[in-house]
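Colleague: Please find input.pdb (PDB, C-alpha atoms and all ligand atoms) on the next line:
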```
ATOM      1  CA  MET I   1      -0.635  37.777 -44.744
ATOM      2  CA  THR I   2      -3.292  40.354 -45.588
ATOM      3  CA  ILE I   3      -2.252  43.705 -47.038
ATOM      4  CA  PRO I   4      -3.108  46.636 -44.756
ATOM      5  CA  VAL I   5      -5.685  49.043 -46.198
ATOM      6  CA  LEU I   6      -3.259  51.893 -45.604
ATOM      7  CA  GLU I   7       0.482  51.591 -45.282
ATOM      8  CA  VAL I   8       2.485  54.771 -44.845
ATOM      9  CA  GLN I   9       6.258  54.500 -44.698
ATOM     10  CA  GLN I  10       8.647  57.296 -43.839
ATOM     11  CA  LEU I  11       6.215  60.039 -44.811
ATOM     12  CA  ALA I  12       7.862  63.422 -44.342
ATOM     13  CA  VAL I  13       6.926  66.935 -45.440
ATOM     14  CA  GLU I  14       9.068  70.006 -45.770
ATOM     15  CA  VAL I  15       8.735  73.571 -46.945
ATOM     16  CA  ALA I  16      11.787  75.158 -48.597
ATOM     17  CA  GLY I  17      14.042  72.614 -46.907
ATOM     18  CA  GLN I  18      12.477  73.164 -43.459
ATOM     19  CA  PRO I  19      10.877  69.995 -42.059
ATOM     20  CA  LEU I  20       7.212  70.270 -41.035
ATOM     21  CA  LEU I  21       6.555  66.571 -40.661
ATOM     22  CA  TYR I  22       9.310  64.155 -39.625
ATOM     23  CA  PRO I  23       9.400  60.597 -41.034
ATOM     24  CA  LEU I  24       6.278  58.789 -39.940
ATOM     25  CA  ASP I  25       5.123  55.175 -40.322
ATOM     26  CA  LEU I  26       1.499  54.178 -40.039
ATOM     27  CA  SER I  27      -0.618  51.236 -41.092
ATOM     28  CA  ILE I  28      -4.325  50.522 -40.747
ATOM     29  CA  GLU I  29      -6.031  47.182 -41.297
ATOM     30  CA  ALA I  30      -9.594  46.681 -42.507
ATOM     31  CA  GLY I  31     -12.067  47.409 -39.722
ATOM     32  CA  GLU I  32      -9.466  49.102 -37.560
ATOM     33  CA  VAL I  33      -9.604  52.621 -36.134
ATOM     34  CA  VAL I  34      -6.266  54.340 -35.663
ATOM     35  CA  GLY I  35      -6.277  57.592 -33.749
ATOM     36  CA  LEU I  36      -3.972  60.510 -34.449
ATOM     37  CA  VAL I  37      -3.814  62.859 -31.525
ATOM     38  CA  GLY I  38      -1.802  65.967 -30.743
ATOM     39  CA  GLU I  39      -2.142  69.618 -29.972
ATOM     40  CA  SER I  40      -2.934  72.275 -32.527
ATOM     41  CA  GLY I  41      -0.158  72.653 -35.104
ATOM     42  CA  SER I  42       1.379  69.236 -34.409
ATOM     43  CA  GLY I  43       0.885  68.067 -38.012
ATOM     44  CA  LYS I  44      -2.315  66.022 -37.931
ATOM     45  CA  THR I  45      -4.070  67.687 -40.858
ATOM     46  CA  MET I  46      -0.832  67.785 -42.810
ATOM     47  CA  THR I  47      -0.550  64.013 -42.399
ATOM     48  CA  SER I  48      -4.103  63.478 -43.626
ATOM     49  CA  LEU I  49      -3.680  65.815 -46.610
ATOM     50  CA  ALA I  50      -0.455  64.044 -47.537
ATOM     51  CA  ILE I  51      -2.247  60.682 -47.478
ATOM     52  CA  PHE I  52      -4.972  62.201 -49.629
ATOM     53  CA  GLN I  53      -2.320  63.645 -51.983
ATOM     54  CA  LEU I  54      -3.797  67.094 -51.501
ATOM     55  CA  LEU I  55      -0.887  68.954 -49.969
ATOM     56  CA  ASP I  56      -0.227  72.497 -51.029
ATOM     57  CA  ALA I  57       2.107  72.592 -54.060
ATOM     58  CA  SER I  58       4.643  74.637 -52.057
ATOM     59  CA  LEU I  59       5.273  71.619 -49.813
ATOM     60  CA  THR I  60       7.573  68.716 -50.646
ATOM     61  CA  GLN I  61       6.563  65.238 -49.629
ATOM     62  CA  HIS I  62       8.775  62.164 -49.175
ATOM     63  CA  GLY I  63       8.053  58.524 -48.450
ATOM     64  CA  SER I  64       5.558  55.918 -49.542
ATOM     65  CA  ILE I  65       1.766  55.781 -49.165
ATOM     66  CA  ARG I  66       0.078  52.576 -50.248
ATOM     67  CA  LEU I  67      -3.659  52.121 -50.334
ATOM     68  CA  ASN I  68      -4.627  48.466 -50.715
ATOM     69  CA  GLY I  69      -1.091  47.904 -51.924
ATOM     70  CA  GLU I  70      -1.229  50.654 -54.580
ATOM     71  CA  GLU I  71       1.320  53.449 -54.331
ATOM     72  CA  LEU I  72      -0.483  56.813 -54.254
ATOM     73  CA  THR I  73       2.551  59.106 -54.429
ATOM     74  CA  THR I  74       3.335  58.199 -58.039
ATOM     75  CA  MET I  75      -0.246  57.820 -59.249
ATOM     76  CA  SER I  76      -1.674  60.070 -62.016
ATOM     77  CA  ASP I  77      -4.156  62.781 -61.053
ATOM     78  CA  LYS I  78      -6.879  60.980 -62.937
ATOM     79  CA  ALA I  79      -6.269  57.727 -61.086
ATOM     80  CA  LEU I  80      -6.109  59.609 -57.787
ATOM     81  CA  ARG I  81      -9.443  61.314 -58.430
ATOM     82  CA  GLN I  82     -10.952  57.919 -59.040
ATOM     83  CA  ARG I  83      -9.503  56.543 -55.781
ATOM     84  CA  ARG I  84     -10.801  59.510 -53.793
ATOM     85  CA  GLY I  85     -14.425  58.689 -53.125
ATOM     86  CA  ASN I  86     -14.285  55.071 -54.209
ATOM     87  CA  GLU I  87     -11.431  53.872 -52.042
ATOM     88  CA  LEU I  88     -10.606  56.772 -49.799
ATOM     89  CA  ALA I  89     -12.883  59.417 -48.312
ATOM     90  CA  MET I  90     -12.424  62.360 -45.996
ATOM     91  CA  ILE I  91     -14.661  63.821 -43.302
ATOM     92  CA  MET I  92     -13.604  67.303 -42.324
ATOM     93  CA  GLN I  93     -13.917  69.404 -39.241
ATOM     94  CA  ASN I  94     -16.204  72.093 -40.528
ATOM     95  CA  PRO I  95     -19.229  70.774 -42.382
ATOM     96  CA  MET I  96     -20.263  74.300 -43.364
ATOM     97  CA  THR I  97     -17.264  74.680 -45.669
ATOM     98  CA  ALA I  98     -17.268  71.132 -47.013
ATOM     99  CA  PHE I  99     -20.293  71.659 -49.253
ATOM    100  CA  SER I 100     -20.911  74.148 -52.007
ATOM    101  CA  PRO I 101     -23.458  76.726 -50.834
ATOM    102  CA  LEU I 102     -24.742  77.063 -54.409
ATOM    103  CA  TYR I 103     -26.239  73.635 -54.937
ATOM    104  CA  THR I 104     -28.711  71.461 -53.078
ATOM    105  CA  ILE I 105     -27.511  68.506 -51.025
ATOM    106  CA  GLY I 106     -29.206  66.259 -53.588
ATOM    107  CA  TYR I 107     -27.403  67.785 -56.569
ATOM    108  CA  GLN I 108     -24.033  67.430 -54.843
ATOM    109  CA  PHE I 109     -24.735  63.918 -53.611
ATOM    110  CA  ILE I 110     -25.979  62.608 -56.960
ATOM    111  CA  GLU I 111     -23.016  64.211 -58.788
ATOM    112  CA  LEU I 112     -20.613  62.476 -56.400
ATOM    113  CA  ILE I 113     -22.233  59.089 -56.886
ATOM    114  CA  ARG I 114     -22.458  59.417 -60.676
ATOM    115  CA  GLN I 115     -18.857  60.577 -61.022
ATOM    116  CA  HIS I 116     -17.729  57.340 -59.441
ATOM    117  CA  SER I 117     -20.191  54.749 -60.631
ATOM    118  CA  ALA I 118     -22.194  53.998 -63.733
ATOM    119  CA  CYS I 119     -25.759  54.468 -62.603
ATOM    120  CA  THR I 120     -28.853  56.394 -63.595
ATOM    121  CA  LYS I 121     -30.004  59.499 -61.780
ATOM    122  CA  LYS I 122     -32.798  57.487 -60.228
ATOM    123  CA  GLN I 123     -30.420  54.800 -58.953
ATOM    124  CA  ALA I 124     -28.057  57.487 -57.616
ATOM    125  CA  THR I 125     -30.974  59.136 -55.807
ATOM    126  CA  GLN I 126     -31.900  55.825 -54.238
ATOM    127  CA  ARG I 127     -28.316  55.263 -53.086
ATOM    128  CA  ALA I 128     -28.126  58.777 -51.670
ATOM    129  CA  CYS I 129     -31.376  58.277 -49.754
ATOM    130  CA  ALA I 130     -30.207  54.934 -48.382
ATOM    131  CA  ALA I 131     -26.917  56.502 -47.233
ATOM    132  CA  LEU I 132     -28.765  59.349 -45.508
ATOM    133  CA  ALA I 133     -31.139  56.897 -43.835
ATOM    134  CA  ASP I 134     -28.065  54.948 -42.653
ATOM    135  CA  VAL I 135     -26.974  57.925 -40.580
ATOM    136  CA  GLN I 136     -30.524  58.174 -39.279
ATOM    137  CA  LEU I 137     -31.514  61.318 -41.097
ATOM    138  CA  GLN I 138     -35.273  61.492 -41.426
ATOM    139  CA  ALA I 139     -37.086  62.092 -44.724
ATOM    140  CA  PRO I 140     -34.012  61.755 -46.964
ATOM    141  CA  GLU I 141     -35.947  62.646 -50.157
ATOM    142  CA  LYS I 142     -36.875  66.004 -48.671
ATOM    143  CA  LEU I 143     -33.336  66.517 -47.387
ATOM    144  CA  LEU I 144     -31.976  66.163 -50.914
ATOM    145  CA  THR I 145     -33.948  69.239 -51.954
ATOM    146  CA  LEU I 146     -32.380  71.452 -49.278
ATOM    147  CA  TYR I 147     -29.330  73.716 -49.460
ATOM    148  CA  PRO I 148     -26.494  73.265 -46.929
ATOM    149  CA  PHE I 149     -27.375  76.495 -45.087
ATOM    150  CA  GLU I 150     -30.824  75.080 -44.343
ATOM    151  CA  LEU I 151     -29.324  72.337 -42.129
ATOM    152  CA  SER I 152     -27.821  72.501 -38.658
ATOM    153  CA  GLY I 153     -24.112  71.757 -38.152
ATOM    154  CA  GLY I 154     -24.892  68.380 -36.595
ATOM    155  CA  MET I 155     -27.127  67.371 -39.505
ATOM    156  CA  LEU I 156     -24.591  68.547 -42.063
ATOM    157  CA  GLN I 157     -21.875  66.537 -40.383
ATOM    158  CA  ARG I 158     -24.084  63.465 -40.673
ATOM    159  CA  VAL I 159     -24.665  64.282 -44.349
ATOM    160  CA  MET I 160     -20.877  64.459 -44.780
ATOM    161  CA  ILE I 161     -20.565  61.001 -43.216
ATOM    162  CA  ALA I 162     -23.195  59.746 -45.658
ATOM    163  CA  PHE I 163     -21.193  61.287 -48.551
ATOM    164  CA  ALA I 164     -18.009  59.667 -47.268
ATOM    165  CA  ALA I 165     -19.596  56.238 -46.801
ATOM    166  CA  VAL I 166     -21.856  55.977 -49.846
ATOM    167  CA  LEU I 167     -19.202  54.580 -52.199
ATOM    168  CA  ARG I 168     -18.015  52.129 -49.544
ATOM    169  CA  PRO I 169     -14.423  53.342 -49.380
ATOM    170  CA  LYS I 170     -11.842  51.080 -47.780
ATOM    171  CA  LEU I 171     -10.482  53.988 -45.752
ATOM    172  CA  ILE I 172     -12.114  57.045 -44.203
ATOM    173  CA  ILE I 173      -9.963  59.818 -42.815
ATOM    174  CA  ALA I 174     -11.952  61.819 -40.286
ATOM    175  CA  ASP I 175     -10.110  65.034 -39.396
ATOM    176  CA  GLU I 176     -11.610  66.432 -36.191
ATOM    177  CA  PRO I 177     -15.082  65.226 -37.181
ATOM    178  CA  THR I 178     -16.674  66.226 -33.877
ATOM    179  CA  THR I 179     -14.826  69.385 -32.875
ATOM    180  CA  ALA I 180     -17.413  71.824 -34.200
ATOM    181  CA  LEU I 181     -20.339  69.965 -32.608
ATOM    182  CA  ASP I 182     -22.111  69.954 -29.259
ATOM    183  CA  LEU I 183     -21.827  66.902 -27.009
ATOM    184  CA  TYR I 184     -24.994  65.226 -28.293
ATOM    185  CA  ASN I 185     -23.959  65.548 -31.922
ATOM    186  CA  GLN I 186     -20.402  64.463 -31.105
ATOM    187  CA  LYS I 187     -21.765  61.203 -29.708
ATOM    188  CA  GLU I 188     -24.020  60.750 -32.737
ATOM    189  CA  VAL I 189     -21.170  61.239 -35.205
ATOM    190  CA  LEU I 190     -18.960  58.746 -33.369
ATOM    191  CA  LYS I 191     -21.837  56.271 -33.278
ATOM    192  CA  HIS I 192     -22.287  56.527 -37.050
ATOM    193  CA  LEU I 193     -18.571  56.124 -37.713
ATOM    194  CA  GLU I 194     -18.554  53.044 -35.507
ATOM    195  CA  HIS I 195     -21.554  51.678 -37.398
ATOM    196  CA  ILE I 196     -19.763  52.146 -40.736
ATOM    197  CA  ARG I 197     -16.641  50.462 -39.391
ATOM    198  CA  VAL I 198     -18.555  47.462 -38.090
ATOM    199  CA  THR I 199     -20.887  47.079 -41.082
ATOM    200  CA  HIS I 200     -18.384  47.554 -43.894
ATOM    201  CA  GLN I 201     -15.044  46.799 -42.224
ATOM    202  CA  THR I 202     -13.932  50.292 -43.169
ATOM    203  CA  ALA I 203     -10.510  51.322 -41.904
ATOM    204  CA  ILE I 204     -10.665  54.711 -40.171
ATOM    205  CA  LEU I 205      -7.948  57.232 -39.425
ATOM    206  CA  LEU I 206      -9.492  59.361 -36.710
ATOM    207  CA  ILE I 207      -7.793  62.665 -36.073
ATOM    208  CA  SER I 208      -8.546  64.589 -32.916
ATOM    209  CA  HIS I 209      -6.947  66.758 -30.297
ATOM    210  CA  ASP I 210      -9.532  65.293 -27.906
ATOM    211  CA  LEU I 211      -8.277  62.200 -26.112
ATOM    212  CA  SER I 212     -11.760  61.207 -24.969
ATOM    213  CA  VAL I 213     -12.800  60.798 -28.621
ATOM    214  CA  ILE I 214      -9.719  58.699 -29.308
ATOM    215  CA  ALA I 215     -10.315  56.600 -26.167
ATOM    216  CA  GLU I 216     -13.861  55.880 -27.221
ATOM    217  CA  MET I 217     -13.124  54.915 -30.807
ATOM    218  CA  ALA I 218      -9.546  53.945 -31.560
ATOM    219  CA  ASP I 219      -7.798  50.580 -31.381
ATOM    220  CA  ARG I 220      -4.345  52.097 -31.719
ATOM    221  CA  VAL I 221      -3.047  55.634 -31.347
ATOM    222  CA  LEU I 222      -0.262  57.776 -32.704
ATOM    223  CA  VAL I 223       0.634  60.814 -30.628
ATOM    224  CA  MET I 224       2.115  63.775 -32.486
ATOM    225  CA  GLU I 225       4.062  66.698 -31.180
ATOM    226  CA  LYS I 226       5.569  69.395 -33.398
ATOM    227  CA  GLY I 227       5.665  67.209 -36.492
ATOM    228  CA  HIS I 228       7.037  64.127 -34.715
ATOM    229  CA  VAL I 229       5.231  60.937 -33.762
ATOM    230  CA  VAL I 230       6.313  60.667 -30.133
ATOM    231  CA  GLU I 231       4.320  57.588 -29.188
ATOM    232  CA  ALA I 232       2.558  54.798 -31.114
ATOM    233  CA  THR I 233       0.698  52.217 -29.096
ATOM    234  CA  ASP I 234      -2.637  50.519 -28.457
ATOM    235  CA  VAL I 235      -5.266  52.646 -26.780
ATOM    236  CA  VAL I 236      -5.316  50.781 -23.460
ATOM    237  CA  SER I 237      -1.535  51.043 -22.985
ATOM    238  CA  LEU I 238      -1.666  54.705 -23.905
ATOM    239  CA  PHE I 239      -3.972  55.471 -21.002
ATOM    240  CA  GLN I 240      -2.578  52.945 -18.537
ATOM    241  CA  ALA I 241       1.105  53.508 -19.133
ATOM    242  CA  PRO I 242       1.841  56.554 -21.290
ATOM    243  CA  GLN I 243       5.548  56.504 -22.088
ATOM    244  CA  HIS I 244       6.323  59.923 -23.451
ATOM    245  CA  PRO I 245       6.218  63.044 -21.218
ATOM    246  CA  TYR I 246       4.100  64.779 -23.849
ATOM    247  CA  THR I 247       1.528  61.935 -23.771
ATOM    248  CA  GLN I 248       1.522  62.029 -19.967
ATOM    249  CA  HIS I 249       0.878  65.747 -20.176
ATOM    250  CA  LEU I 250      -1.981  65.251 -22.666
ATOM    251  CA  ILE I 251      -3.593  62.614 -20.450
ATOM    252  CA  LYS I 252      -3.344  64.780 -17.337
ATOM    253  CA  ALA I 253      -4.842  67.674 -19.231
ATOM    254  CA  ARG I 254      -7.956  65.735 -20.189
ATOM    255  CA  LEU I 255      -8.712  63.992 -16.907
ATOM    256  CA  THR I 256     -11.780  66.089 -16.339
ATOM    257  CA  VAL I 257     -13.495  64.978 -19.553
ATOM    258  CA  PRO I 258     -16.472  62.822 -18.503
ATOM    259  CA  ALA I 259     -16.924  61.119 -21.910
ATOM    260  CA  LEU I 260     -13.707  59.180 -21.363
ATOM    261  CA  GLU I 261     -14.930  57.322 -18.300
ATOM    262  CA  GLU I 262     -18.005  56.243 -20.223
ATOM    263  CA  GLY I 263     -15.900  55.256 -23.235
ATOM    264  CA  LEU I 264     -13.334  53.103 -21.495
TER
HETATM  265  N1  LIG O 301       1.072  75.254 -46.582
HETATM  266  C1  LIG O 301       1.832  75.373 -45.496
HETATM  267  N2  LIG O 301       3.052  75.962 -45.545
HETATM  268  C2  LIG O 301       3.828  76.059 -44.456
HETATM  269  N3  LIG O 301       3.484  75.586 -43.255
HETATM  270  C3  LIG O 301       2.288  74.996 -43.122
HETATM  271  C4  LIG O 301       1.399  74.846 -44.232
HETATM  272  N4  LIG O 301       0.294  74.208 -43.811
HETATM  273  C5  LIG O 301       0.481  73.984 -42.478
HETATM  274  N5  LIG O 301       1.663  74.453 -42.068
HETATM  275  C6  LIG O 301       2.229  74.342 -40.698
HETATM  276  O1  LIG O 301       2.404  72.967 -40.408
HETATM  277  C7  LIG O 301       2.151  72.694 -39.037
HETATM  278  C8  LIG O 301       1.164  71.583 -38.883
HETATM  279  O2  LIG O 301      -0.140  72.035 -39.240
HETATM  280  P1  LIG O 301      -1.428  71.126 -39.193
HETATM  281  O3  LIG O 301      -2.524  71.891 -39.844
HETATM  282  O4  LIG O 301      -1.115  69.794 -39.743
HETATM  283  O5  LIG O 301      -1.694  71.009 -37.619
HETATM  284  P2  LIG O 301      -2.849  70.219 -36.854
HETATM  285  O6  LIG O 301      -2.181  69.229 -35.961
HETATM  286  O7  LIG O 301      -3.846  69.695 -37.819
HETATM  287  O8  LIG O 301      -3.492  71.364 -35.951
HETATM  288  P3  LIG O 301      -5.031  71.646 -35.534
HETATM  289  O9  LIG O 301      -5.297  70.767 -34.327
HETATM  290  O10 LIG O 301      -5.049  73.084 -35.197
HETATM  291  O11 LIG O 301      -5.907  71.317 -36.695
HETATM  292  C9  LIG O 301       1.689  74.019 -38.430
HETATM  293  O12 LIG O 301       2.784  74.583 -37.765
HETATM  294  C10 LIG O 301       1.276  74.844 -39.631
HETATM  295  O13 LIG O 301       1.464  76.222 -39.379
HETATM  296 MG    MG O 302      -5.862  70.086 -38.192
END
```
Turn this file's structure into structure tokens for me.
Modeller:
Amino acid sequence: MTIPVLEVQQLAVEVAGQPLLYPLDLSIEAGEVVGLVGESGSGKTMTSLAIFQLLDASLTQHGSIRLNGEELTTMSDKALRQRRGNELAMIMQNPMTAFSPLYTIGYQFIELIRQHSACTKKQATQRACAALADVQLQAPEKLLTLYPFELSGGMLQRVMIAFAAVLRPKLIIADEPTTALDLYNQKEVLKHLEHIRVTHQTAILLISHDLSVIAEMADRVLVMEKGHVVEATDVVSLFQAPQHPYTQHLIKARLTVPALEEGL
């Protein structure tokens, strides 16, 4: 039997004894997209930060998180830093805050690559350019000389995907990767994520409050409500026969979204 890329068992989070996230199980195989859906405040970002081992120090975390069989919850900070980037990458909702405004895209990209692999500046530049070309950004050499504020939100989000994919991580967590974008750029971002999944068999945890995004991309879905996973199923069953009243409510609420009909 193959080991799942990510295996989360009984993950729970609390603050001063008050539960925020109730015990949750989740596993993702290579090449699989698992969706995490739920309304604002349901615990989606908290789940992703816990997997990343980046929860606020005021929060207590329980349970097991294994990445390629390695337990992350007991790993040293140094080992974790090495895993982040190489094995595990994150794409966040707001590309404007994900980059430092002080340095060029090229400086930040080359730093990232060189922190995680032994290569010369020239080799790192070549890898950065190839990763930018992969997400169909034109003139990557020129792009490397620009500062984040010189790019549009849609372009920056594509740059973030290039950052996430360049080290060929086994798992990408994409937390609301399309929410800040217009419809055209949403489609583009999903297309690039799909390309990465297919080309490199990357496992993807796709977080969204938008069911049409989940319908288009995910193989399986976890539905969260107020810190609980209320439904975990494959994407077709979720839409054809939602079991939980909250899921039924979510599906009714999104029926007007046209992207879903195209996606299914
Ligand atoms: N550091 C913290 N201390 C205490 N409570 C927190 C902390 N961080 C988040 N919360 C609470 O945990 C709950 C889950 O938040 P989370 O950010 O995971 O929601 P979400 O599902 O990602 O929502 P959204 O769709 O708005 O991004 C919320 O009620 C939030 O207020
Ligand atoms: Mg969130």
Colleague: Run the PyMOL selection byres (((chain I and resi 180) around 7) and not hetatm) mentally over the shown coordinates, then write out the matched residues as a ChimeraX atom specification, using the chain letters and numbers from the document.
Modeller: /I:93-94,178-179,181
Colleague: Produce a table with one row for each residue of segment 5-111 of chain I that has an atom at most 9 Å from any atom of segment 140-143 of chain I, each row naming the nearest atom pair and its distance in Å at one decimal; use only C-alpha atoms; arrange rows by chain and rising residue number; format as a tab-separated table.
Modeller:
```
residue	atom	partner	partner_atom	distance
I:Thr104	CA	I:Leu143	CA	8.8
I:Ile105	CA	I:Leu143	CA	7.1
I:Gly106	CA	I:Leu143	CA	7.5
```
Colleague: For ligand MG 302 (chain O), return the neighbouring residues as an NGL selection string (distance at most 7 Å; all atoms listed in the file).
Modeller: :I and (40-41 or 44-45 or 175)
Colleague: Limited to C-alpha atoms, could you put the picked residues into a file as a JSON list (two decimals), in the frame of the given file?
Modeller:
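As a result, out.json now contains:
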```json
[["chain", "number", "residue", "atom", "x", "y", "z"],
["I", 40, "SER", "CA", -2.93, 72.28, -32.53],
["I", 41, "GLY", "CA", -0.16, 72.65, -35.10],
["I", 44, "LYS", "CA", -2.32, 66.02, -37.93],
["I", 45, "THR", "CA", -4.07, 67.69, -40.86],
["I", 175, "ASP", "CA", -10.11, 65.03, -39.40]]
```
Colleague: Give me the residues near Leu132 of chain I as a list in words, where near means some atom within 9 Å (using only C-alpha atoms) and where sequence neighbours in that chain fewer than 2 positions away do not count.
Modeller: Arg127, Ala128, Cys129, Ala130, Asp134, Val135, Gln136, Leu137, Gln138, Ala139, Pro140, Leu143, Arg158, Val159, Ile161, Ala162, Phe163 and Val166 of chain I
Colleague: Expand the PyMOL selection byres (((not hetatm)) within 7 of (chain O and resi 301)) into the individual residues it matches in the shown file, reporting them as a PyMOL selection string.
Modeller: chain I and resi 15+20+38-47+56+58-59+209+227
Colleague: Next, write the just-selected residues to a file, as a compact mmCIF listing (two decimals), keeping the file's coordinate frame, keeping C-alpha atoms as the atom set.
Modeller:
```txt
# COMPACT_ATOMS: atom_id res chain seq x y z
CA VAL I 15 8.74 73.57 -46.94
CA LEU I 20 7.21 70.27 -41.04
CA GLY I 38 -1.80 65.97 -30.74
CA GLU I 39 -2.14 69.62 -29.97
CA SER I 40 -2.93 72.28 -32.53
CA GLY I 41 -0.16 72.65 -35.10
CA SER I 42 1.38 69.24 -34.41
CA GLY I 43 0.88 68.07 -38.01
CA LYS I 44 -2.32 66.02 -37.93
CA THR I 45 -4.07 67.69 -40.86
CA MET I 46 -0.83 67.78 -42.81
CA THR I 47 -0.55 64.01 -42.40
CA ASP I 56 -0.23 72.50 -51.03
CA SER I 58 4.64 74.64 -52.06
CA LEU I 59 5.27 71.62 -49.81
CA HIS I 209 -6.95 66.76 -30.30
CA GLY I 227 5.66 67.21 -36.49
```
Colleague: Using all atoms listed in the file, which protein or nucleic acid residues come within 12 Å of Lys187 of chain I? Drop anything in the same chain fewer than 3 positions from it, and give the result as a list in words.
Modeller: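 Non-adjacent residues within range: Gly154, Gln157, Arg158, Pro177, Thr178, Thr179, Leu181, Asp182, Leu183, Tyr184, Leu190, Lys191, His192, Leu193, Glu194, Ser212, Val213, Glu216, Met217, Ala259, Leu260, Glu262 and Gly263 of chain I.
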Colleague: Write the selection just made, keeping C-alpha atoms, as a compact mmCIF listing (two decimals), in the coordinates of the input?
Modeller:
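File written: again-v2.txt
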```
# COMPACT_ATOMS: atom_id res chain seq x y z
CA GLY I 154 -24.89 68.38 -36.60
CA GLN I 157 -21.88 66.54 -40.38
CA ARG I 158 -24.08 63.46 -40.67
CA PRO I 177 -15.08 65.23 -37.18
CA THR I 178 -16.67 66.23 -33.88
CA THR I 179 -14.83 69.39 -32.88
CA LEU I 181 -20.34 69.96 -32.61
CA ASP I 182 -22.11 69.95 -29.26
CA LEU I 183 -21.83 66.90 -27.01
CA TYR I 184 -24.99 65.23 -28.29
CA LEU I 190 -18.96 58.75 -33.37
CA LYS I 191 -21.84 56.27 -33.28
CA HIS I 192 -22.29 56.53 -37.05
CA LEU I 193 -18.57 56.12 -37.71
CA GLU I 194 -18.55 53.04 -35.51
CA SER I 212 -11.76 61.21 -24.97
CA VAL I 213 -12.80 60.80 -28.62
CA GLU I 216 -13.86 55.88 -27.22
CA MET I 217 -13.12 54.92 -30.81
CA ALA I 259 -16.92 61.12 -21.91
CA LEU I 260 -13.71 59.18 -21.36
CA GLU I 262 -18.00 56.24 -20.22
CA GLY I 263 -15.90 55.26 -23.24
```
Colleague: Would you pick out the contacts of Val236 of chain I at 12 Å or less, using all atoms listed in the file, so that residues sharing its chain but fewer than 5 positions from it are not included, and give the list as a PDB file with C-alpha atoms, keeping the file's coordinate frame?
Modeller:
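Output (out31.pdb):
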```
ATOM      1  CA  ILE I 214      -9.719  58.699 -29.308  1.00  0.00           C
ATOM      2  CA  ALA I 215     -10.315  56.600 -26.167  1.00  0.00           C
ATOM      3  CA  GLU I 216     -13.861  55.880 -27.221  1.00  0.00           C
ATOM      4  CA  MET I 217     -13.124  54.915 -30.807  1.00  0.00           C
ATOM      5  CA  ALA I 218      -9.546  53.945 -31.560  1.00  0.00           C
ATOM      6  CA  ASP I 219      -7.798  50.580 -31.381  1.00  0.00           C
ATOM      7  CA  ARG I 220      -4.345  52.097 -31.719  1.00  0.00           C
ATOM      8  CA  VAL I 221      -3.047  55.634 -31.347  1.00  0.00           C
ATOM      9  CA  ALA I 241       1.105  53.508 -19.133  1.00  0.00           C
ATOM     10  CA  PRO I 242       1.841  56.554 -21.290  1.00  0.00           C
ATOM     11  CA  GLY I 263     -15.900  55.256 -23.235  1.00  0.00           C
ATOM     12  CA  LEU I 264     -13.334  53.103 -21.495  1.00  0.00           C
TER      13      LEU I 264
END
```
Colleague: Between I:Thr120, I:Thr74, I:Ser27, I:Thr202, which is the closest to Leu88 of chain I once you count only C-alpha atoms?
Modeller: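 Of I:Thr120, I:Thr74, I:Ser27, I:Thr202, the one nearest Leu88 of chain I is I:Thr202, counting only C-alpha atoms.
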Colleague: Using all atoms listed in the file for the distances, tell me which of I:Met75, I:Met155, I:Arg168, I:Phe52 is nearest to Ile113 of chain I.
Modeller: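 Using all atoms listed in the file, the shortest distance to Ile113 of chain I belongs to I:Arg168.
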Colleague: Would you place a box with edges along x, y and z of the file around all atoms of segment 160-169 of chain I listed there, add 3 Å to each of its six sides, and report the centre and edge lengths in Å to one decimal, as AutoDock Vina command-line options?
Modeller:
```
--center_x -18.8 --center_y 58.3 --center_z -47.7 --size_x 14.8 --size_y 18.3 --size_z 15.0
```
Colleague: Pick out the residues sitting within 12 Å of Arg114 of chain I, and hand them over as a compact mmCIF listing (two decimals) with C-alpha atoms, in the coordinates of the input; count all atoms listed in the file, and ignore anything fewer than 3 positions along from it in its own chain.
Modeller:
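result.txt, freshly written:
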```txt
# COMPACT_ATOMS: atom_id res chain seq x y z
CA GLN I 82 -10.95 57.92 -59.04
CA GLY I 85 -14.42 58.69 -53.12
CA ASN I 86 -14.28 55.07 -54.21
CA GLY I 106 -29.21 66.26 -53.59
CA TYR I 107 -27.40 67.78 -56.57
CA GLN I 108 -24.03 67.43 -54.84
CA PHE I 109 -24.74 63.92 -53.61
CA ILE I 110 -25.98 62.61 -56.96
CA GLU I 111 -23.02 64.21 -58.79
CA SER I 117 -20.19 54.75 -60.63
CA ALA I 118 -22.19 54.00 -63.73
CA CYS I 119 -25.76 54.47 -62.60
CA THR I 120 -28.85 56.39 -63.60
CA LYS I 121 -30.00 59.50 -61.78
CA LYS I 122 -32.80 57.49 -60.23
CA GLN I 123 -30.42 54.80 -58.95
CA ALA I 124 -28.06 57.49 -57.62
CA THR I 125 -30.97 59.14 -55.81
CA GLN I 126 -31.90 55.82 -54.24
CA ARG I 127 -28.32 55.26 -53.09
CA ALA I 128 -28.13 58.78 -51.67
CA VAL I 166 -21.86 55.98 -49.85
CA LEU I 167 -19.20 54.58 -52.20
```
Colleague: One number please: atom CA of Ala50 of chain I to atom CA of Thr73 of chain I, in Å, one decimal.
Modeller: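 Result for atom CA of Ala50 of chain I versus atom CA of Thr73 of chain I: 9.0 Å, one decimal.
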Colleague: Tell me, in Å to one decimal, how far atom CA of Asp77 of chain I is from atom CA of Gln61 of chain I.
Modeller: 15.9 Å
Colleague: Work out how far apart atom CA of Thr247 of chain I and atom CA of Gln201 of chain I are and give it in Å to one decimal.
Modeller: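 Spanning atom CA of Thr247 of chain I to atom CA of Gln201 of chain I is a straight-line distance of 29.1 Å.
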